[in-house]
>>> print(open('run32.pdb').read())   # PDB, C-alpha atoms and all ligand atoms
MODEL        1
ATOM      1  CA  MET U 662      48.542 -10.544-137.646
ATOM      2  CA  ILE U 663      49.130 -14.141-136.768
ATOM      3  CA  ARG U 664      46.774 -16.626-135.202
ATOM      4  CA  PRO U 665      48.989 -18.855-133.119
ATOM      5  CA  PRO U 666      48.518 -22.600-133.565
ATOM      6  CA  VAL U 667      47.113 -23.277-130.116
ATOM      7  CA  ALA U 668      45.121 -26.316-131.207
ATOM      8  CA  ASN U 669      46.357 -29.760-130.130
ATOM      9  CA  VAL U 670      48.408 -28.520-127.224
ATOM     10  CA  ASP U 671      47.679 -28.990-123.522
ATOM     11  CA  GLN U 672      48.703 -25.589-122.328
ATOM     12  CA  ALA U 673      49.998 -22.205-123.372
ATOM     13  CA  ILE U 674      52.838 -20.470-121.597
ATOM     14  CA  ILE U 675      52.320 -16.782-122.266
ATOM     15  CA  VAL U 676      55.604 -15.005-121.720
ATOM     16  CA  VAL U 677      55.673 -11.335-120.812
ATOM     17  CA  PRO U 678      58.729  -9.366-119.736
ATOM     18  CA  ALA U 679      58.786  -7.770-116.287
ATOM     19  CA  ASN U 680      59.775  -4.349-117.597
ATOM     20  CA  ASN U 681      62.154  -4.665-120.566
ATOM     21  CA  PRO U 682      60.928  -4.504-123.274
ATOM     22  CA  LYS U 683      57.828  -2.754-121.979
ATOM     23  CA  PRO U 684      55.225  -5.418-121.173
ATOM     24  CA  ASN U 685      52.354  -5.507-123.651
ATOM     25  CA  LEU U 686      49.421  -6.620-121.485
ATOM     26  CA  ASP U 687      46.913  -5.988-124.263
ATOM     27  CA  LEU U 688      48.706  -8.710-126.219
ATOM     28  CA  VAL U 689      48.641 -11.002-123.171
ATOM     29  CA  ASP U 690      44.888 -10.483-122.773
ATOM     30  CA  ARG U 691      44.278 -11.201-126.453
ATOM     31  CA  LEU U 692      46.369 -14.362-126.309
ATOM     32  CA  LEU U 693      44.365 -15.437-123.268
ATOM     33  CA  ILE U 694      41.131 -14.913-125.225
ATOM     34  CA  LEU U 695      42.367 -17.280-127.960
ATOM     35  CA  VAL U 696      43.574 -19.775-125.390
ATOM     36  CA  GLU U 697      40.231 -19.743-123.560
ATOM     37  CA  GLU U 698      38.409 -20.095-126.867
ATOM     38  CA  GLU U 699      40.427 -23.274-127.526
ATOM     39  CA  GLY U 700      39.768 -24.454-123.994
ATOM     40  CA  ILE U 701      43.404 -25.096-123.116
ATOM     41  CA  ASP U 702      45.201 -24.232-119.871
ATOM     42  CA  ALA U 703      47.208 -21.048-119.622
ATOM     43  CA  TYR U 704      50.119 -19.936-117.521
ATOM     44  CA  ILE U 705      51.474 -16.430-117.420
ATOM     45  CA  CYS U 706      55.256 -16.396-117.243
ATOM     46  CA  ILE U 707      56.737 -13.054-116.221
ATOM     47  CA  ASN U 708      60.349 -13.275-117.391
ATOM     48  CA  LYS U 709      63.427 -11.039-116.966
ATOM     49  CA  ILE U 710      62.601 -10.282-113.350
ATOM     50  CA  ASP U 711      66.352  -9.757-112.816
ATOM     51  CA  LEU U 712      66.045  -6.465-114.742
ATOM     52  CA  ASP U 713      63.134  -5.165-112.675
ATOM     53  CA  GLU U 714      64.736  -3.626-109.610
ATOM     54  CA  ASP U 715      61.536  -1.876-108.507
ATOM     55  CA  LYS U 716      59.617  -5.126-108.754
ATOM     56  CA  LYS U 717      56.950  -3.520-110.935
ATOM     57  CA  TYR U 718      56.217  -7.012-112.204
ATOM     58  CA  LEU U 719      54.318  -7.739-108.977
ATOM     59  CA  GLU U 720      51.441  -5.615-110.338
ATOM     60  CA  ILE U 721      51.244  -7.788-113.441
ATOM     61  CA  LYS U 722      51.384 -10.861-111.252
ATOM     62  CA  GLU U 723      48.540  -9.634-109.062
ATOM     63  CA  SER U 724      46.371  -8.672-112.027
ATOM     64  CA  TYR U 725      46.492 -12.171-113.527
ATOM     65  CA  GLN U 726      46.373 -14.042-110.240
ATOM     66  CA  LYS U 727      43.266 -12.093-109.319
ATOM     67  CA  ALA U 728      41.703 -13.233-112.595
ATOM     68  CA  GLY U 729      42.483 -16.816-111.612
ATOM     69  CA  TYR U 730      45.565 -17.541-113.672
ATOM     70  CA  LYS U 731      48.679 -19.283-112.454
ATOM     71  CA  VAL U 732      51.668 -16.980-112.723
ATOM     72  CA  LEU U 733      55.319 -17.986-112.942
ATOM     73  CA  THR U 734      58.084 -15.469-112.333
ATOM     74  CA  THR U 735      61.401 -16.224-113.988
ATOM     75  CA  SER U 736      64.763 -15.065-115.109
ATOM     76  CA  ALA U 737      65.984 -17.243-117.944
ATOM     77  CA  THR U 738      69.492 -15.838-117.773
ATOM     78  CA  GLN U 739      69.812 -15.857-113.958
ATOM     79  CA  LYS U 740      68.036 -19.239-113.753
ATOM     80  CA  ILE U 741      65.320 -18.080-111.382
ATOM     81  CA  GLY U 742      62.023 -19.994-111.345
ATOM     82  CA  ILE U 743      63.242 -22.533-113.924
ATOM     83  CA  GLU U 744      62.579 -25.556-111.708
ATOM     84  CA  GLU U 745      58.941 -24.417-111.283
ATOM     85  CA  LEU U 746      58.629 -23.942-115.045
ATOM     86  CA  ARG U 747      60.063 -27.411-115.647
ATOM     87  CA  GLU U 748      57.462 -28.862-113.270
ATOM     88  CA  VAL U 749      54.686 -27.160-115.280
ATOM     89  CA  LEU U 750      56.059 -28.452-118.606
ATOM     90  CA  LYS U 751      56.672 -32.041-117.545
ATOM     91  CA  ASP U 752      54.623 -34.608-119.514
ATOM     92  CA  LYS U 753      52.559 -31.916-121.275
ATOM     93  CA  THR U 754      52.622 -30.347-124.724
ATOM     94  CA  SER U 755      53.167 -26.644-124.173
ATOM     95  CA  PHE U 756      53.029 -23.733-126.519
ATOM     96  CA  PHE U 757      55.253 -20.710-125.799
ATOM     97  CA  ALA U 758      53.738 -17.446-126.971
ATOM     98  CA  GLY U 759      54.548 -13.785-126.556
ATOM     99  CA  ASN U 760      56.112 -10.787-128.194
ATOM    100  CA  SER U 761      59.532 -10.900-129.833
ATOM    101  CA  GLY U 762      62.389 -10.434-127.389
ATOM    102  CA  VAL U 763      60.538 -11.509-124.249
ATOM    103  CA  GLY U 764      62.795 -14.535-123.795
ATOM    104  CA  LYS U 765      60.786 -17.543-124.996
ATOM    105  CA  SER U 766      63.785 -19.256-126.561
ATOM    106  CA  GLU U 767      66.079 -18.314-123.665
ATOM    107  CA  LEU U 768      63.588 -19.849-121.220
ATOM    108  CA  LEU U 769      63.519 -23.066-123.240
ATOM    109  CA  ASN U 770      67.316 -23.144-123.245
ATOM    110  CA  ALA U 771      67.262 -22.751-119.466
ATOM    111  CA  VAL U 772      64.813 -25.646-119.150
ATOM    112  CA  GLU U 773      66.763 -27.818-121.598
ATOM    113  CA  PRO U 774      70.284 -26.548-122.371
ATOM    114  CA  SER U 775      70.712 -29.111-125.162
ATOM    115  CA  PHE U 776      68.101 -27.228-127.230
ATOM    116  CA  ASP U 777      70.704 -24.527-127.799
ATOM    117  CA  LEU U 778      68.105 -22.290-129.477
ATOM    118  CA  GLU U 779      69.186 -19.051-131.074
ATOM    119  CA  THR U 780      68.327 -15.984-129.010
ATOM    120  CA  GLY U 781      68.572 -12.345-129.967
ATOM    121  CA  GLY U 782      69.112  -9.066-128.189
ATOM    122  CA  LEU U 783      66.841  -6.080-128.482
ATOM    123  CA  SER U 784      67.240  -3.521-131.234
ATOM    124  CA  SER U 785      68.795  -0.545-129.504
ATOM    125  CA  LYS U 786      66.545   2.459-130.032
ATOM    126  CA  ILE U 787      63.043   1.307-129.216
ATOM    127  CA  GLN U 788      64.010  -1.890-127.393
ATOM    128  CA  ARG U 789      62.071  -4.131-129.717
ATOM    129  CA  GLY U 790      62.724  -7.815-130.211
ATOM    130  CA  ARG U 791      64.666  -8.877-133.295
ATOM    131  CA  HIS U 792      62.363 -11.699-134.437
ATOM    132  CA  THR U 793      65.078 -14.256-133.888
ATOM    133  CA  THR U 794      62.914 -17.388-133.957
ATOM    134  CA  ARG U 795      61.612 -17.768-137.491
ATOM    135  CA  HIS U 796      59.454 -20.880-137.412
ATOM    136  CA  VAL U 797      57.418 -22.986-135.008
ATOM    137  CA  GLU U 798      59.331 -25.978-133.701
ATOM    138  CA  LEU U 799      58.091 -28.900-131.614
ATOM    139  CA  MET U 800      60.803 -30.275-129.350
ATOM    140  CA  PRO U 801      60.825 -33.185-126.880
ATOM    141  CA  LEU U 802      61.828 -32.578-123.273
ATOM    142  CA  ALA U 803      64.153 -35.024-121.482
ATOM    143  CA  ILE U 804      61.823 -34.935-118.452
ATOM    144  CA  GLY U 805      58.840 -35.878-120.659
ATOM    145  CA  GLY U 806      56.537 -33.729-122.716
ATOM    146  CA  TYR U 807      56.957 -31.434-125.681
ATOM    147  CA  VAL U 808      57.428 -27.717-126.114
ATOM    148  CA  LEU U 809      56.704 -25.471-129.068
ATOM    149  CA  ASP U 810      58.912 -22.451-129.495
ATOM    150  CA  THR U 811      57.281 -19.860-131.729
ATOM    151  CA  PRO U 812      58.229 -16.598-133.421
ATOM    152  CA  GLY U 813      57.191 -13.561-131.413
ATOM    153  CA  PHE U 814      54.419 -11.348-132.699
ATOM    154  CA  GLY U 815      53.248  -7.941-131.562
ATOM    155  CA  SER U 816      49.554  -8.477-132.187
ATOM    156  CA  VAL U 817      47.056 -11.290-132.639
ATOM    157  CA  SER U 818      43.779 -11.224-134.491
ATOM    158  CA  ILE U 819      40.652 -12.006-132.490
ATOM    159  CA  ASP U 820      38.307 -10.430-135.048
ATOM    160  CA  HIS U 821      36.464 -13.700-135.637
ATOM    161  CA  ILE U 822      35.015 -13.464-132.117
ATOM    162  CA  GLU U 823      31.579 -11.905-131.664
ATOM    163  CA  ALA U 824      31.432  -9.154-129.060
ATOM    164  CA  HIS U 825      28.616 -10.881-127.186
ATOM    165  CA  ASP U 826      30.730 -14.040-126.811
ATOM    166  CA  LEU U 827      33.742 -12.213-125.438
ATOM    167  CA  ARG U 828      32.600 -12.481-121.825
ATOM    168  CA  HIS U 829      33.059 -16.266-121.960
ATOM    169  CA  TYR U 830      36.789 -15.780-122.478
ATOM    170  CA  TYR U 831      37.368 -13.687-119.344
ATOM    171  CA  ILE U 832      37.530 -16.446-116.769
ATOM    172  CA  GLU U 833      36.974 -14.106-113.811
ATOM    173  CA  PHE U 834      33.433 -13.441-115.131
ATOM    174  CA  HIS U 835      32.410 -17.107-115.184
ATOM    175  CA  GLN U 836      31.154 -17.282-111.623
ATOM    176  CA  TYR U 837      28.699 -14.424-112.340
ATOM    177  CA  GLU U 838      27.294 -15.881-115.562
ATOM    178  CA  GLY U 839      23.515 -16.031-115.199
ATOM    179  CA  ALA U 840      23.559 -14.063-111.948
ATOM    180  CA  CYS U 841      23.049 -10.619-113.488
ATOM    181  CA  LYS U 842      19.562  -9.176-113.880
ATOM    182  CA  PHE U 843      19.572  -9.513-117.666
ATOM    183  CA  THR U 844      20.085 -12.847-119.423
ATOM    184  CA  GLY U 845      23.168 -12.693-121.594
ATOM    185  CA  CYS U 846      24.343  -9.570-119.761
ATOM    186  CA  SER U 847      27.390  -8.102-121.494
ATOM    187  CA  HIS U 848      28.545  -6.684-118.139
ATOM    188  CA  ILE U 849      28.957  -3.291-119.765
ATOM    189  CA  HIS U 850      25.851  -1.093-119.738
ATOM    190  CA  GLU U 851      23.151  -3.220-118.106
ATOM    191  CA  PRO U 852      21.856  -2.317-114.632
ATOM    192  CA  SER U 853      22.122  -4.769-111.711
ATOM    193  CA  CYS U 854      25.223  -6.406-113.138
ATOM    194  CA  LYS U 855      27.114  -8.736-110.788
ATOM    195  CA  VAL U 856      30.386  -8.276-112.654
ATOM    196  CA  LYS U 857      30.240  -4.498-112.255
ATOM    197  CA  GLU U 858      29.346  -5.043-108.603
ATOM    198  CA  ALA U 859      32.439  -7.229-108.209
ATOM    199  CA  LEU U 860      34.459  -4.551-109.981
ATOM    200  CA  ASP U 861      33.228  -1.910-107.527
ATOM    201  CA  ASN U 862      34.138  -4.206-104.644
ATOM    202  CA  ASN U 863      37.622  -4.626-106.091
ATOM    203  CA  ILE U 864      37.109  -8.366-106.564
ATOM    204  CA  ILE U 865      37.530  -8.051-110.319
ATOM    205  CA  ASP U 866      40.723  -6.388-111.468
ATOM    206  CA  GLU U 867      40.109  -2.943-112.957
ATOM    207  CA  ARG U 868      42.772  -3.222-115.635
ATOM    208  CA  ARG U 869      41.335  -6.527-116.846
ATOM    209  CA  TYR U 870      37.803  -5.112-116.874
ATOM    210  CA  LYS U 871      39.000  -2.134-118.931
ATOM    211  CA  SER U 872      40.715  -4.505-121.339
ATOM    212  CA  TYR U 873      37.373  -6.359-121.679
ATOM    213  CA  THR U 874      35.328  -3.238-122.445
ATOM    214  CA  SER U 875      37.931  -1.910-124.854
ATOM    215  CA  ILE U 876      38.134  -5.172-126.818
ATOM    216  CA  TYR U 877      34.323  -5.531-126.671
ATOM    217  CA  ASN U 878      33.913  -2.116-128.275
ATOM    218  CA  GLN U 879      36.489  -2.918-130.945
ATOM    219  CA  LEU U 880      34.706  -6.175-131.817
ATOM    220  CA  GLU U 881      31.348  -4.405-131.976
ATOM    221  CA  ASN U 882      32.744  -1.883-134.426
ATOM    222  CA  ILE U 883      34.067  -4.456-136.874
ATOM    223  CA  ARG U 884      31.985  -4.505-140.014
ATOM    224  CA  ARG U 885      30.702  -8.044-140.414
ATOM    225  CA  TRP U 886      29.879  -9.414-143.850
TER     226      TRP U 886
HETATM  227  N1  LIG U 901      68.356 -10.023-118.412
HETATM  228  C1  LIG U 901      67.644 -11.001-118.972
HETATM  229  N2  LIG U 901      67.696 -11.161-120.308
HETATM  230  C2  LIG U 901      66.966 -12.161-120.839
HETATM  231  C3  LIG U 901      66.165 -13.013-120.067
HETATM  232  N3  LIG U 901      65.536 -13.886-120.898
HETATM  233  C4  LIG U 901      65.944 -13.587-122.133
HETATM  234  N4  LIG U 901      66.818 -12.554-122.129
HETATM  235  C5  LIG U 901      67.466 -11.932-123.284
HETATM  236  O1  LIG U 901      66.487 -11.287-124.095
HETATM  237  C6  LIG U 901      66.836 -11.396-125.471
HETATM  238  C7  LIG U 901      65.693 -12.022-126.248
HETATM  239  O2  LIG U 901      65.530 -13.363-125.838
HETATM  240  P1  LIG U 901      64.939 -14.469-126.827
HETATM  241  O3  LIG U 901      64.884 -15.763-126.064
HETATM  242  O4  LIG U 901      65.644 -14.476-128.115
HETATM  243  O5  LIG U 901      63.469 -13.894-127.036
HETATM  244  P2  LIG U 901      62.279 -14.571-127.848
HETATM  245  O6  LIG U 901      61.037 -14.349-127.055
HETATM  246  O7  LIG U 901      62.602 -15.974-128.190
HETATM  247  O8  LIG U 901      62.214 -13.644-129.154
HETATM  248  P3  LIG U 901      61.772 -14.046-130.673
HETATM  249  O9  LIG U 901      62.426 -15.329-131.035
HETATM  250  O10 LIG U 901      62.238 -12.885-131.485
HETATM  251  O11 LIG U 901      60.281 -14.142-130.647
HETATM  252  C8  LIG U 901      68.114 -12.233-125.502
HETATM  253  O12 LIG U 901      69.210 -11.371-125.569
HETATM  254  C9  LIG U 901      68.077 -12.981-124.203
HETATM  255  O13 LIG U 901      69.356 -13.372-123.729
HETATM  256  C10 LIG U 901      66.132 -12.808-118.644
HETATM  257  O14 LIG U 901      65.459 -13.496-117.887
HETATM  258  N5  LIG U 901      66.891 -11.781-118.174
HETATM  259 MG    MG U 902      62.817 -16.977-129.930
HETATM  260 ZN    ZN U 903      26.503  -8.502-115.974
ENDMDL
END
>>> encode(input="run32.pdb", output="structure tokens")
Amino acid sequence: MIRPPVANVDQAIIVVPANNPKPNLDLVDRLLILVEEEGIDAYICINKIDLDEDKKYLEIKESYQKAGYKVLTTSATQKIGIEELREVLKDKTSFFAGNSGVGKSELLNAVEPSFDLETGGLSSKIQRGRHTTRHVELMPLAIGGYVLDTPGFGSVSIDHIEAHDLRHYYIEFHQYEGACKFTGCSHIHEPSCKVKEALDNNIIDERRYKSYTSIYNQLENIRRW
């Protein structure tokens, strides 16, 4: 388990593939928790949209947009959405994070061909990334700003977070903070909860709420010393 070095950067670009390899949204949600804990901006970048003929990626897009995140949709190899990505990166220090094989390095090559970063295919059987990028590298952009390419990882540790603090890192809950019947409401089992009300009214995304309760329960079950 790796804790990505999100300190001292302006924003995180969390890269997730449209459908190949299979998008790991649990990993995306955990990365977002770390990013929110650090208080830096986050973008979701759904890459490899050229491979997603059924446009299943639109569900991922909706889920994160509903939460309040800005979502980019790209194809690094077909050069779709690269101009928008460049605009986001300009004059900022950005951290690229996401599983191995999602196309972080390929996206950076599309933004800045002179980087000429090594990219790797997927290992054939289970379509996993090959862990091509081996170390974190800070690189200057010709348009201004810096980017950090990082090795992909399949999981991140958020075990240092207390369950009762987790709600602060789901940005779609912020507007209800203090509005529930119980002070410090965990939005899980308390009655008269505004977050659960918003969930019932389909204002809060169900998948994201499930991710919250599942991670909350995991954090509660960690033995603390
Ligand atoms: N079809 C398609 N393939 C892509 C796209 N982006 C990246 N790839 C391919 O996916 C594979 C993995 O890309 P990388 O850029 O090496 O992935 P990475 O996220 O840097 O992976 P690690 O360095 O292992 O963490 C390469 O073969 C890329 O050419 C895309 O938008 N469409
Ligand atoms: Mg890479
Ligand atoms: Zn509540």
>>> resolve_selection(input="run32.pdb", expression="the PyMOL selection byres (((chain U and resi 731) around 8) and not hetatm)", output="PyMOL selection string")
chain U and resi 703-705+725-726+729-730+732-733
>>> closest_atom_pairs(input="run32.pdb", of="segment 751-771 of chain U", to="segment 807-820 of chain U", cutoff="6 Å", atoms="all atoms listed in the file", output="JSON lines")
{"residue": "U:Thr754", "atom": "CA", "partner": "U:Tyr807", "partner_atom": "CA", "distance": 4.6}
{"residue": "U:Ser755", "atom": "CA", "partner": "U:Val808", "partner_atom": "CA", "distance": 4.8}
{"residue": "U:Phe756", "atom": "CA", "partner": "U:Leu809", "partner_atom": "CA", "distance": 4.8}
{"residue": "U:Phe757", "atom": "CA", "partner": "U:Asp810", "partner_atom": "CA", "distance": 5.5}
{"residue": "U:Gly759", "atom": "CA", "partner": "U:Gly813", "partner_atom": "CA", "distance": 5.5}
{"residue": "U:Asn760", "atom": "CA", "partner": "U:Gly813", "partner_atom": "CA", "distance": 4.4}
{"residue": "U:Ser761", "atom": "CA", "partner": "U:Gly813", "partner_atom": "CA", "distance": 3.9}
>>> closest_residue(input="run32.pdb", among="U:Asn680, U:Thr844, U:Thr780, U:Ser775", to="ligand ZN 903 (chain U)", atoms="all atoms listed in the file")
U:Thr844
>>> closest_residue(input="run32.pdb", among="U:Lys709, U:Leu750, U:Lys855, U:Val670", to="Gly764 of chain U", atoms="all atoms listed in the file")
U:Lys709
>>> residues_near_ligand(input="run32.pdb", ligand="ligand ZN 903 (chain U)", cutoff="10 Å", atoms="only C-alpha atoms and all ligand atoms", output="number ranges by chain")
U: 828, 834, 837-859
>>> residues_near_ligand(input="run32.pdb", ligand="ligand LIG 901 (chain U)", cutoff="8 Å", atoms="all atoms listed in the file", output="number ranges by chain")
U: 676, 708-712, 735-741, 758-769, 779-783, 790-795, 810-814
>>> closest_residue(input="run32.pdb", among="U:Gly742, U:Lys727, U:Pro682, U:Asp687", to="Ser784 of chain U", atoms="all atoms listed in the file")
U:Pro682
>>> decode(input="run32.pdb", residues="segment 821-846 of chain U", atoms="N, CA and C atoms", output="mmCIF file, in the first residue's frame")
data_model
loop_
_atom_site.group_PDB
_atom_site.id
_atom_site.type_symbol
_atom_site.label_atom_id
_atom_site.label_comp_id
_atom_site.auth_asym_id
_atom_site.auth_seq_id
_atom_site.Cartn_x
_atom_site.Cartn_y
_atom_site.Cartn_z
ATOM 1 N N HIS U 821 -5.311 5.658 8.470
ATOM 2 C CA HIS U 821 -5.026 6.661 9.500
ATOM 3 C C HIS U 821 -6.240 7.556 9.761
ATOM 4 N N ILE U 822 -7.250 7.462 8.904
ATOM 5 C CA ILE U 822 -8.434 8.314 9.047
ATOM 6 C C ILE U 822 -9.422 7.687 10.022
ATOM 7 N N GLU U 823 -9.973 8.504 10.911
ATOM 8 C CA GLU U 823 -10.985 8.021 11.848
ATOM 9 C C GLU U 823 -12.331 7.965 11.134
ATOM 10 N N ALA U 824 -13.093 6.926 11.415
ATOM 11 C CA ALA U 824 -14.390 6.768 10.750
ATOM 12 C C ALA U 824 -15.250 8.028 10.879
ATOM 13 N N HIS U 825 -15.253 8.621 12.076
ATOM 14 C CA HIS U 825 -16.145 9.778 12.261
ATOM 15 C C HIS U 825 -15.679 11.033 11.532
ATOM 16 N N ASP U 826 -14.458 11.013 10.990
ATOM 17 C CA ASP U 826 -13.989 12.148 10.181
ATOM 18 C C ASP U 826 -14.247 11.936 8.692
ATOM 19 N N LEU U 827 -14.582 10.710 8.337
ATOM 20 C CA LEU U 827 -14.678 10.374 6.913
ATOM 21 C C LEU U 827 -15.664 11.262 6.165
ATOM 22 N N ARG U 828 -16.753 11.634 6.823
ATOM 23 C CA ARG U 828 -17.779 12.426 6.139
ATOM 24 C C ARG U 828 -17.243 13.744 5.585
ATOM 25 N N HIS U 829 -16.181 14.273 6.210
ATOM 26 C CA HIS U 829 -15.618 15.545 5.741
ATOM 27 C C HIS U 829 -14.965 15.405 4.369
ATOM 28 N N TYR U 830 -14.642 14.172 3.996
ATOM 29 C CA TYR U 830 -13.903 13.956 2.749
ATOM 30 C C TYR U 830 -14.804 13.503 1.601
ATOM 31 N N TYR U 831 -16.102 13.520 1.831
ATOM 32 C CA TYR U 831 -17.084 13.314 0.747
ATOM 33 C C TYR U 831 -17.738 14.668 0.494
ATOM 34 N N ILE U 832 -17.271 15.341 -0.540
ATOM 35 C CA ILE U 832 -17.621 16.763 -0.699
ATOM 36 C C ILE U 832 -19.120 16.978 -0.910
ATOM 37 N N GLU U 833 -19.824 15.949 -1.399
ATOM 38 C CA GLU U 833 -21.264 16.121 -1.621
ATOM 39 C C GLU U 833 -22.045 16.171 -0.313
ATOM 40 N N PHE U 834 -21.390 15.822 0.820
ATOM 41 C CA PHE U 834 -22.065 15.882 2.124
ATOM 42 C C PHE U 834 -21.931 17.264 2.776
ATOM 43 N N HIS U 835 -20.984 18.054 2.291
ATOM 44 C CA HIS U 835 -20.644 19.308 2.980
ATOM 45 C C HIS U 835 -21.842 20.216 3.211
ATOM 46 N N GLN U 836 -22.694 20.333 2.207
ATOM 47 C CA GLN U 836 -23.800 21.286 2.332
ATOM 48 C C GLN U 836 -24.817 20.854 3.396
ATOM 49 N N TYR U 837 -24.735 19.592 3.853
ATOM 50 C CA TYR U 837 -25.689 19.120 4.871
ATOM 51 C C TYR U 837 -25.090 19.106 6.264
ATOM 52 N N GLU U 838 -23.778 19.415 6.358
ATOM 53 C CA GLU U 838 -23.099 19.381 7.648
ATOM 54 C C GLU U 838 -23.797 20.328 8.631
ATOM 55 N N GLY U 839 -24.194 19.798 9.769
ATOM 56 C CA GLY U 839 -24.883 20.624 10.765
ATOM 57 C C GLY U 839 -26.385 20.702 10.568
ATOM 58 N N ALA U 840 -26.880 20.177 9.458
ATOM 59 C CA ALA U 840 -28.314 20.277 9.169
ATOM 60 C C ALA U 840 -29.095 19.056 9.668
ATOM 61 N N CYS U 841 -28.384 17.971 9.948
ATOM 62 C CA CYS U 841 -29.051 16.759 10.425
ATOM 63 C C CYS U 841 -29.491 16.954 11.879
ATOM 64 N N LYS U 842 -30.381 16.089 12.331
ATOM 65 C CA LYS U 842 -30.922 16.223 13.682
ATOM 66 C C LYS U 842 -29.826 16.104 14.747
ATOM 67 N N PHE U 843 -28.902 15.152 14.522
ATOM 68 C CA PHE U 843 -27.863 14.912 15.519
ATOM 69 C C PHE U 843 -26.560 15.602 15.135
ATOM 70 N N THR U 844 -25.967 16.303 16.101
ATOM 71 C CA THR U 844 -24.664 16.938 15.874
ATOM 72 C C THR U 844 -23.639 15.852 15.583
ATOM 73 N N GLY U 845 -22.807 16.089 14.599
ATOM 74 C CA GLY U 845 -21.795 15.103 14.249
ATOM 75 C C GLY U 845 -22.388 13.854 13.625
ATOM 76 N N CYS U 846 -23.558 13.993 13.020
ATOM 77 C CA CYS U 846 -24.242 12.864 12.380
ATOM 78 C C CYS U 846 -23.304 12.145 11.411
#
